[in-house]
Each structure stands twice: as C-alpha cells, then as structure tokens.
$ cat upload_2.cif   # mmCIF, C-alpha atoms
data_start
#
loop_
_atom_site.label_atom_id
_atom_site.label_comp_id
_atom_site.auth_asym_id
_atom_site.auth_seq_id
_atom_site.Cartn_x
_atom_site.Cartn_y
_atom_site.Cartn_z
CA MET D 922 -9.19 5.25 -35.62
CA THR D 923 -9.06 8.55 -37.45
CA THR D 924 -10.61 11.76 -36.20
CA PRO D 925 -13.68 13.29 -37.90
CA THR D 926 -11.68 16.36 -38.92
CA GLU D 927 -8.94 14.25 -40.51
CA LEU D 928 -11.43 12.15 -42.44
CA ALA D 929 -13.57 15.07 -43.54
CA GLY D 930 -10.53 16.82 -44.95
CA PHE D 931 -9.49 13.64 -46.70
CA LEU D 932 -13.00 13.12 -48.11
CA GLN D 933 -13.04 16.62 -49.54
CA GLN D 934 -9.60 16.17 -51.11
CA ASN D 935 -10.31 12.66 -52.37
CA HIS D 936 -13.75 13.58 -53.74
CA ARG D 937 -12.23 16.35 -55.84
CA ARG D 938 -9.53 13.99 -57.08
CA ARG D 939 -11.83 11.16 -58.15
CA ARG D 940 -14.73 13.05 -59.74
CA PRO D 941 -15.71 16.59 -60.64
CA ALA D 942 -17.20 18.74 -57.90
CA PRO D 943 -20.98 18.34 -57.66
CA SER D 944 -23.00 21.04 -59.36
CA ALA D 945 -25.94 22.90 -57.85
CA GLY D 946 -28.89 20.63 -57.20
CA VAL D 947 -26.76 17.58 -56.32
CA ASP D 948 -26.90 16.22 -52.78
CA LEU D 949 -24.17 14.20 -51.08
CA VAL D 950 -25.24 11.03 -49.29
CA ALA D 951 -22.70 9.66 -46.83
CA ALA D 952 -23.08 5.88 -46.53
CA ALA D 953 -21.74 4.37 -43.30
CA HIS D 954 -21.83 0.76 -42.11
CA GLY D 955 -23.60 1.36 -38.83
CA THR D 956 -22.92 0.02 -35.35
CA ALA D 957 -24.80 -0.78 -32.17
CA ASP D 958 -22.13 1.08 -30.19
CA PRO D 959 -23.30 4.65 -29.42
CA ARG D 960 -19.69 5.86 -29.40
CA GLY D 961 -19.31 4.78 -33.03
CA ILE D 962 -22.56 6.43 -34.04
CA ARG D 963 -21.45 9.69 -32.41
CA VAL D 964 -18.17 9.62 -34.33
CA VAL D 965 -19.92 9.01 -37.66
CA HIS D 966 -22.38 11.85 -37.03
CA GLU D 967 -19.49 14.11 -36.03
CA LEU D 968 -17.70 13.20 -39.28
CA VAL D 969 -20.75 14.12 -41.37
CA ARG D 970 -21.15 17.40 -39.45
CA GLU D 971 -17.49 18.17 -40.19
CA MET D 972 -18.09 17.37 -43.87
CA ALA D 973 -20.99 19.83 -43.84
CA ARG D 974 -18.79 22.51 -42.24
CA GLN D 975 -16.15 22.03 -44.93
CA ARG D 976 -18.70 21.97 -47.76
CA PRO D 977 -21.52 24.32 -46.69
CA ASP D 978 -22.58 24.63 -50.34
CA LEU D 979 -23.73 21.00 -50.49
CA PRO D 980 -26.68 19.35 -48.72
CA ILE D 981 -25.34 16.23 -46.96
CA SER D 982 -27.36 13.32 -45.59
CA LEU D 983 -26.25 10.23 -43.66
CA GLY D 984 -27.55 6.72 -44.32
CA PHE D 985 -26.47 3.24 -43.27
CA VAL D 986 -25.95 -0.02 -45.15
CA ASP D 987 -26.39 -2.16 -42.03
CA VAL D 988 -27.41 -2.13 -38.35
CA ASP D 989 -28.58 1.49 -38.07
CA VAL D 990 -31.18 3.80 -39.63
CA PRO D 991 -32.00 5.52 -41.88
CA ALA D 992 -31.33 2.65 -44.25
CA LEU D 993 -29.52 3.76 -47.41
CA PRO D 994 -32.16 2.74 -50.00
CA GLY D 995 -34.97 4.69 -48.37
CA LEU D 996 -32.77 7.72 -47.81
CA VAL D 997 -31.54 7.77 -51.41
CA GLY D 998 -35.11 7.54 -52.63
CA ARG D 999 -36.11 10.56 -50.56
CA VAL D 1000 -33.07 12.56 -51.68
CA ILE D 1001 -33.72 11.79 -55.35
CA ALA D 1002 -37.37 12.78 -55.00
CA ASP D 1003 -36.27 16.12 -53.53
CA ALA D 1004 -32.99 16.98 -55.29
CA GLY D 1005 -33.12 14.91 -58.46
CA GLU D 1006 -29.46 13.85 -58.31
CA ALA D 1007 -27.13 12.50 -55.64
CA VAL D 1008 -23.56 11.36 -55.08
CA VAL D 1009 -23.18 8.50 -52.58
CA VAL D 1010 -19.87 8.66 -50.70
CA PRO D 1011 -18.99 5.44 -48.83
CA LEU D 1012 -17.66 6.06 -45.32
CA LEU D 1013 -15.92 2.71 -45.63
CA LEU D 1014 -12.19 2.05 -45.60
CA SER D 1015 -12.16 -0.64 -48.29
CA GLY D 1016 -14.30 -1.70 -51.23
CA GLY D 1017 -16.14 -4.87 -50.16
CA TYR D 1018 -19.70 -6.13 -50.42
CA HIS D 1019 -21.34 -2.93 -49.20
CA VAL D 1020 -19.55 -0.80 -51.80
CA HIS D 1021 -19.80 -3.18 -54.76
CA VAL D 1022 -23.31 -4.50 -54.05
CA ASP D 1023 -25.35 -2.34 -51.65
CA ILE D 1024 -24.14 1.08 -52.76
CA ALA D 1025 -23.77 0.08 -56.42
CA ALA D 1026 -27.41 -1.06 -56.33
CA GLU D 1027 -28.51 2.53 -55.64
CA ALA D 1028 -26.73 3.78 -58.77
CA ALA D 1029 -28.32 0.95 -60.76
CA ARG D 1030 -31.75 1.81 -59.35
CA TYR D 1031 -31.48 5.44 -60.48
CA PRO D 1032 -29.24 5.39 -63.59
CA GLY D 1033 -27.79 8.78 -64.41
CA ARG D 1034 -29.20 10.29 -61.21
CA VAL D 1035 -27.25 8.52 -58.47
CA HIS D 1036 -23.47 8.46 -58.72
CA THR D 1037 -21.04 6.73 -56.38
CA THR D 1038 -17.45 7.30 -55.34
CA PRO D 1039 -15.01 4.53 -54.40
CA ALA D 1040 -14.30 3.54 -50.81
CA LEU D 1041 -11.98 5.78 -48.81
CA GLY D 1042 -9.04 3.40 -49.08
CA PRO D 1043 -6.51 2.48 -50.08
CA HIS D 1044 -4.96 5.93 -50.20
CA PRO D 1045 -1.63 7.46 -49.12
CA VAL D 1046 -3.44 10.01 -46.94
CA LEU D 1047 -4.90 7.21 -44.84
CA ALA D 1048 -1.42 5.73 -44.48
CA ASP D 1049 -0.21 9.14 -43.28
CA ILE D 1050 -3.02 9.27 -40.68
CA LEU D 1051 -2.22 5.75 -39.47
CA ALA D 1052 1.47 6.64 -39.17
CA ASP D 1053 0.64 9.77 -37.19
CA HIS D 1054 -1.53 7.75 -34.81
CA LEU D 1055 1.19 5.14 -34.30
CA GLY D 1056 3.58 7.86 -33.14
CA ASP D 1057 7.13 7.01 -32.13
CA LEU D 1058 8.14 3.62 -33.55
CA SER D 1059 11.79 3.71 -32.50
CA HIS D 1060 11.21 0.70 -30.23
CA THR D 1061 8.96 -1.18 -32.68
CA ASP D 1062 10.10 -3.90 -35.10
CA ARG D 1063 6.87 -4.61 -36.97
CA VAL D 1064 3.37 -3.19 -37.27
CA ILE D 1065 0.12 -5.14 -37.56
CA LEU D 1066 -2.67 -3.47 -39.55
CA ALA D 1067 -5.87 -4.61 -37.81
CA ALA D 1068 -8.80 -4.34 -40.23
CA ALA D 1069 -12.45 -5.28 -39.81
CA GLY D 1070 -12.30 -7.99 -42.47
CA SER D 1071 -14.62 -9.09 -45.25
CA SER D 1072 -15.66 -12.12 -47.27
CA ASP D 1073 -15.01 -10.06 -50.43
CA PRO D 1074 -11.47 -10.58 -51.80
CA ARG D 1075 -11.49 -7.04 -53.21
CA ALA D 1076 -11.74 -5.64 -49.67
CA LEU D 1077 -8.85 -7.85 -48.52
CA ALA D 1078 -6.76 -6.65 -51.47
CA ASP D 1079 -7.51 -3.03 -50.51
CA CYS D 1080 -6.35 -3.69 -46.94
CA THR D 1081 -3.16 -5.33 -48.21
CA GLU D 1082 -2.46 -2.29 -50.36
CA THR D 1083 -3.03 -0.04 -47.36
CA ALA D 1084 -0.52 -2.13 -45.38
CA ASP D 1085 2.00 -1.70 -48.20
CA LEU D 1086 1.45 2.07 -48.24
CA LEU D 1087 1.89 2.22 -44.47
CA SER D 1088 5.03 0.08 -44.65
CA THR D 1089 6.57 2.51 -47.13
CA ARG D 1090 5.53 5.45 -44.99
CA ILE D 1091 7.04 4.13 -41.71
CA ASP D 1092 9.91 2.08 -43.20
CA ARG D 1093 8.93 -1.07 -41.29
CA PRO D 1094 7.22 -4.34 -42.21
CA VAL D 1095 3.43 -4.20 -41.91
CA THR D 1096 1.32 -7.35 -41.78
CA THR D 1097 -2.44 -7.28 -42.34
CA ALA D 1098 -4.71 -9.06 -39.86
CA TYR D 1099 -8.48 -9.26 -39.61
CA ILE D 1100 -11.05 -9.21 -36.84
CA SER D 1101 -13.75 -11.00 -38.87
CA GLY D 1102 -14.42 -12.45 -42.31
CA GLU D 1103 -11.79 -14.11 -44.46
CA GLY D 1104 -8.08 -13.62 -44.00
CA GLU D 1105 -5.80 -14.45 -41.08
CA PRO D 1106 -7.26 -13.43 -37.70
CA LEU D 1107 -5.57 -10.79 -35.60
CA THR D 1108 -4.95 -13.23 -32.73
CA SER D 1109 -3.15 -15.62 -35.08
CA VAL D 1110 -0.96 -12.92 -36.61
CA LEU D 1111 0.01 -11.58 -33.19
CA SER D 1112 0.91 -15.03 -31.87
CA ARG D 1113 3.18 -15.93 -34.81
CA THR D 1114 4.89 -12.57 -35.35
CA PRO D 1115 8.23 -12.11 -33.53
CA GLY D 1116 9.73 -8.94 -32.18
CA ARG D 1117 8.31 -5.77 -30.72
CA LEU D 1118 4.90 -5.07 -32.24
CA ALA D 1119 2.50 -2.17 -32.64
CA VAL D 1120 -1.10 -2.51 -33.84
CA ALA D 1121 -2.49 0.08 -36.25
CA THR D 1122 -6.25 0.11 -35.78
CA TYR D 1123 -7.75 0.36 -39.28
CA LEU D 1124 -11.32 1.09 -38.24
CA LEU D 1125 -13.43 4.14 -38.94
CA ALA D 1126 -14.96 4.53 -35.47
CA PRO D 1127 -15.22 2.91 -32.03
CA GLY D 1128 -17.37 -0.20 -31.81
CA TYR D 1129 -17.34 -3.90 -31.10
CA PHE D 1130 -14.31 -4.62 -33.31
CA ALA D 1131 -12.23 -1.89 -31.68
#

$ encode --input "upload_2.cif" --output "structure tokens"
Amino acid sequence: MTTPTELAGFLQQNHRRRRPAPSAGVDLVAAAHGTADPRGIRVVHELVREMARQRPDLPISLGFVDVDVPALPGLVGRVIADAGEAVVVPLLLSGGYHVHVDIAAEAARYPGRVHTTPALGPHPVLADILADHLGDLSHTDRVILAAAGSSDPRALADCTETADLLSTRIDRPVTTAYISGEGEPLTSVLSRTPGRLAVATYLLAPGYFA
C-alpha cells in the first residue's frame, strides 16, 4: 500500500500530465471506493488532506462510489450547485466498473460541467512505488502482484500492465493475482508458483482485502 504523500504527489503530477490544470471556479472531487475498515478510511482522508496541502488553490471534496458516505452522486450535485464545474479524480488503481460506469455517469449527468480523469494506474510511478515498498529482492525469484480484482476486463488489463511495468522496473518476473472478482485468485497463484516469492500489495489502503 502506498503512503498518502506518495499518492498525493503522483496525483498532482499525473493530473497535470493528463489534462490542463483546473481554472478558478473548478473544484476537485476525489472519488474513493470506500471501506468498512476505519484504518482504510483514515488513510483515504489523509490522502485527500495531503492533496489539499499540495494544491491549496483548489477546493477538494471526498466522495465514495461504494460502502461509505458521502455518496459520489449527491456530493457532485452539491459541488456543481456551488462551484459550477468539477473534475472528478478516481482514487482507484485501475479502470473498472466504478470508473467507467459510476464516475462516468456523473460526467454524463452534467455534460460540460463535470470532467473526469482516468484511474491512477497503470503508470510507471506506481511501479516505482511498488518497487520501493518491496525493498531488497536479492533473495527473491518472482513477485506476485496482489490486486483487489474486478469483473471488468479493462481493470484486469490495467493490472496486467502494472505487473509488466513492475517487472521491467525490478528485472524479475511478476505474476498478477486477484483477491476477488475474475482472474486467478491469489491463493492459486501462490500455490503453483515455484521459487522464492514476494507479494506486492496493489491496494490503495488497509482494509479487508489487505
């Protein structure tokens, strides 16, 4: 799991790369999945506070696509009523159902007023963070990238690309495994993979999956 400071810096860099900087009068809306685990909620709130510290010129709100409140649709409605325009930034590591359906629905509901950015990954910076967290791999033969999983094949493809980026970064084979959804389960990948293994936890925050 990445730290809030690492992710906030990446969000700022990635946001500039993928779309022009927001102008005055545009609010950022961070869209997280949500979790029942209070540790995960604390990490997400800390991430958004770090985003606000790095971009004090932009009002930033936090909404959730599942489990927690405020729910994203209601929050976006309130932001649009107040600011007139918003950019929704998914705090999600891959582009699955929540990005392509839930978050996209907000842009469709307010055409020209709500804009969205892609999911955080895949991206070389995330591979760098994963490599840093893995540390010394001199006694490791292979790495397993453990992702949350999804029923959306686009999310699985994003995770596979992240595994490829990490493999290039650490010069070792990386196999993707999943904790839920479609794709091969983590337990299965671990049981069939020979050699000395390390697991790269590809999750945004602590919670049930971690």

$ residues_around --input "upload_2.cif" --residues "D:Gly1017" --least-positions-apart "2" --cutoff "9 Å" --atoms "only C-alpha atoms" --output "VMD selection string"
chain D and resid 1013 1015 1019 to 1022 1040 1071 to 1077 1079

$ closest_residue --input "upload_2.cif" --among "D:Val964, D:Ala957, D:Ala952, D:Val997" --to "D:Phe1130" --atoms "all atoms listed in the file"
D:Ala957

$ closest_residue --input "upload_2.cif" --among "D:Val1000, D:Val1095, D:Leu993, D:Leu1051" --to "D:Glu1027" --atoms "only C-alpha atoms"
D:Leu993

$ closest_residue --input "upload_2.cif" --among "D:Val1008, D:Ala1131, D:Val988, D:Ala1078" --to "D:Gly946" --atoms "only C-alpha atoms"
D:Val1008

$ resolve_selection --input "upload_2.cif" --expression "the PyMOL selection byres ((chain D and resi 1124) around 7)" --output "list in words"
Met922, Ala1068, Ala1069, Thr1122, Tyr1123, Leu1125 and Ala1126 of chain D

$ resolve_selection --input "upload_2.cif" --expression "the PyMOL selection byres ((chain D and resi 1038) around 6)" --output "MDAnalysis selection string"
chainID D and resid 1010 1037 1039

$ resolve_selection --input "upload_2.cif" --expression "the PyMOL selection byres ((chain D and resi 1001) around 12)" --output "PyMOL selection string"
chain D and resi 946-950+982+994-1000+1002-1009+1027-1028+1030-1036

$ atom_distance --input "upload_2.cif" --atom1 "atom CA of D:Ala953" --atom2 "atom CA of D:Thr1096"
25.9 Å

$ closest_residue --input "upload_2.cif" --among "D:Asp989, D:Asp958, D:Glu967, D:Asp1049" --to "D:Leu1087" --atoms "all atoms listed in the file"
D:Asp1049

$ closest_residue --input "upload_2.cif" --among "D:Leu1066, D:Ser1112, D:Thr1083, D:Val969" --to "D:Ala1098" --atoms "only C-alpha atoms"
D:Leu1066

$ decode --input "upload_2.cif" --residues "stretch 976-1082 of chain D" --atoms "C-alpha atoms" --output "short mmCIF file (atom, residue, chain, number, x, y, z; two decimals), in the first residue's frame"
data_model
loop_
_atom_site.label_atom_id
_atom_site.label_comp_id
_atom_site.auth_asym_id
_atom_site.auth_seq_id
_atom_site.Cartn_x
_atom_site.Cartn_y
_atom_site.Cartn_z
CA ARG D 976 -2.88 22.19 -4.11
CA PRO D 977 -4.13 24.87 -1.68
CA ASP D 978 -5.53 26.83 -4.64
CA LEU D 979 -8.19 24.18 -5.33
CA PRO D 980 -11.22 23.24 -3.23
CA ILE D 981 -11.15 19.44 -2.79
CA SER D 982 -14.00 17.20 -1.65
CA LEU D 983 -14.09 13.46 -0.98
CA GLY D 984 -16.92 11.16 -2.07
CA PHE D 985 -17.36 7.40 -2.30
CA VAL D 986 -18.67 5.08 -5.00
CA ASP D 987 -19.50 2.30 -2.54
CA VAL D 988 -19.76 1.39 1.16
CA ASP D 989 -19.13 4.83 2.68
CA VAL D 990 -20.63 8.33 2.61
CA PRO D 991 -20.95 10.91 1.22
CA ALA D 992 -22.04 9.05 -1.88
CA LEU D 993 -20.49 10.45 -5.05
CA PRO D 994 -23.70 11.47 -6.90
CA GLY D 995 -25.02 13.61 -4.06
CA LEU D 996 -21.63 15.19 -3.45
CA VAL D 997 -21.13 16.06 -7.12
CA GLY D 998 -24.58 17.62 -7.22
CA ARG D 999 -23.76 19.84 -4.26
CA VAL D 1000 -20.37 20.83 -5.70
CA ILE D 1001 -21.90 21.71 -9.07
CA ALA D 1002 -24.60 23.80 -7.40
CA ASP D 1003 -21.90 25.73 -5.55
CA ALA D 1004 -18.92 25.88 -7.94
CA GLY D 1005 -20.50 25.27 -11.34
CA GLU D 1006 -17.74 22.96 -12.57
CA ALA D 1007 -15.84 19.99 -11.16
CA VAL D 1008 -13.13 17.48 -12.01
CA VAL D 1009 -13.67 14.00 -10.55
CA VAL D 1010 -10.37 12.25 -9.78
CA PRO D 1011 -10.73 8.49 -9.13
CA LEU D 1012 -8.70 7.29 -6.15
CA LEU D 1013 -8.72 3.87 -7.80
CA LEU D 1014 -5.74 1.92 -9.07
CA SER D 1015 -7.37 0.55 -12.22
CA GLY D 1016 -10.22 1.48 -14.54
CA GLY D 1017 -13.07 -0.94 -13.79
CA TYR D 1018 -16.81 -0.61 -13.26
CA HIS D 1019 -16.61 2.31 -10.85
CA VAL D 1020 -14.51 4.40 -13.25
CA HIS D 1021 -16.30 3.50 -16.49
CA VAL D 1022 -19.85 3.42 -15.11
CA ASP D 1023 -20.27 5.17 -11.74
CA ILE D 1024 -17.86 8.05 -12.28
CA ALA D 1025 -18.60 8.36 -16.00
CA ALA D 1026 -22.29 8.70 -15.10
CA GLU D 1027 -21.53 11.94 -13.24
CA ALA D 1028 -19.93 13.46 -16.34
CA ALA D 1029 -22.93 12.33 -18.40
CA ARG D 1030 -25.32 13.84 -15.84
CA TYR D 1031 -23.65 17.26 -16.06
CA PRO D 1032 -22.22 17.49 -19.61
CA GLY D 1033 -19.57 20.16 -19.96
CA ARG D 1034 -19.59 20.83 -16.22
CA VAL D 1035 -18.22 17.62 -14.73
CA HIS D 1036 -14.97 16.26 -16.12
CA THR D 1037 -13.22 13.04 -15.13
CA THR D 1038 -9.63 11.84 -15.12
CA PRO D 1039 -8.57 8.21 -15.68
CA ALA D 1040 -7.80 5.83 -12.85
CA LEU D 1041 -4.42 6.18 -11.15
CA GLY D 1042 -2.95 3.14 -12.88
CA PRO D 1043 -1.31 1.77 -14.80
CA HIS D 1044 1.58 4.21 -14.52
CA PRO D 1045 5.37 3.89 -14.15
CA VAL D 1046 5.29 5.99 -10.96
CA LEU D 1047 3.10 3.37 -9.28
CA ALA D 1048 5.56 0.68 -10.38
CA ASP D 1049 8.34 2.73 -8.79
CA ILE D 1050 6.37 2.96 -5.52
CA LEU D 1051 5.70 -0.78 -5.53
CA ALA D 1052 9.39 -1.49 -6.15
CA ASP D 1053 10.40 0.79 -3.29
CA HIS D 1054 7.98 -0.97 -0.95
CA LEU D 1055 9.29 -4.40 -1.96
CA GLY D 1056 12.80 -3.37 -0.94
CA ASP D 1057 15.70 -5.77 -1.29
CA LEU D 1058 14.84 -8.55 -3.75
CA SER D 1059 18.26 -10.20 -3.87
CA HIS D 1060 16.77 -13.38 -2.36
CA THR D 1061 13.54 -13.28 -4.39
CA ASP D 1062 12.92 -15.18 -7.64
CA ARG D 1063 9.46 -13.93 -8.57
CA VAL D 1064 6.97 -11.30 -7.43
CA ILE D 1065 3.19 -11.68 -7.20
CA LEU D 1066 1.16 -8.50 -7.76
CA ALA D 1067 -1.87 -8.92 -5.48
CA ALA D 1068 -4.73 -6.73 -6.75
CA ALA D 1069 -8.28 -6.33 -5.49
CA GLY D 1070 -9.81 -7.77 -8.67
CA SER D 1071 -12.81 -6.87 -10.80
CA SER D 1072 -15.42 -8.36 -13.09
CA ASP D 1073 -14.45 -5.72 -15.68
CA PRO D 1074 -11.81 -6.99 -18.14
CA ARG D 1075 -10.48 -3.44 -18.54
CA ALA D 1076 -9.47 -3.41 -14.87
CA LEU D 1077 -7.74 -6.78 -15.24
CA ALA D 1078 -5.85 -5.47 -18.28
CA ASP D 1079 -4.73 -2.44 -16.27
CA CYS D 1080 -3.42 -4.70 -13.51
CA THR D 1081 -1.56 -6.84 -16.04
CA GLU D 1082 0.06 -3.72 -17.47
#
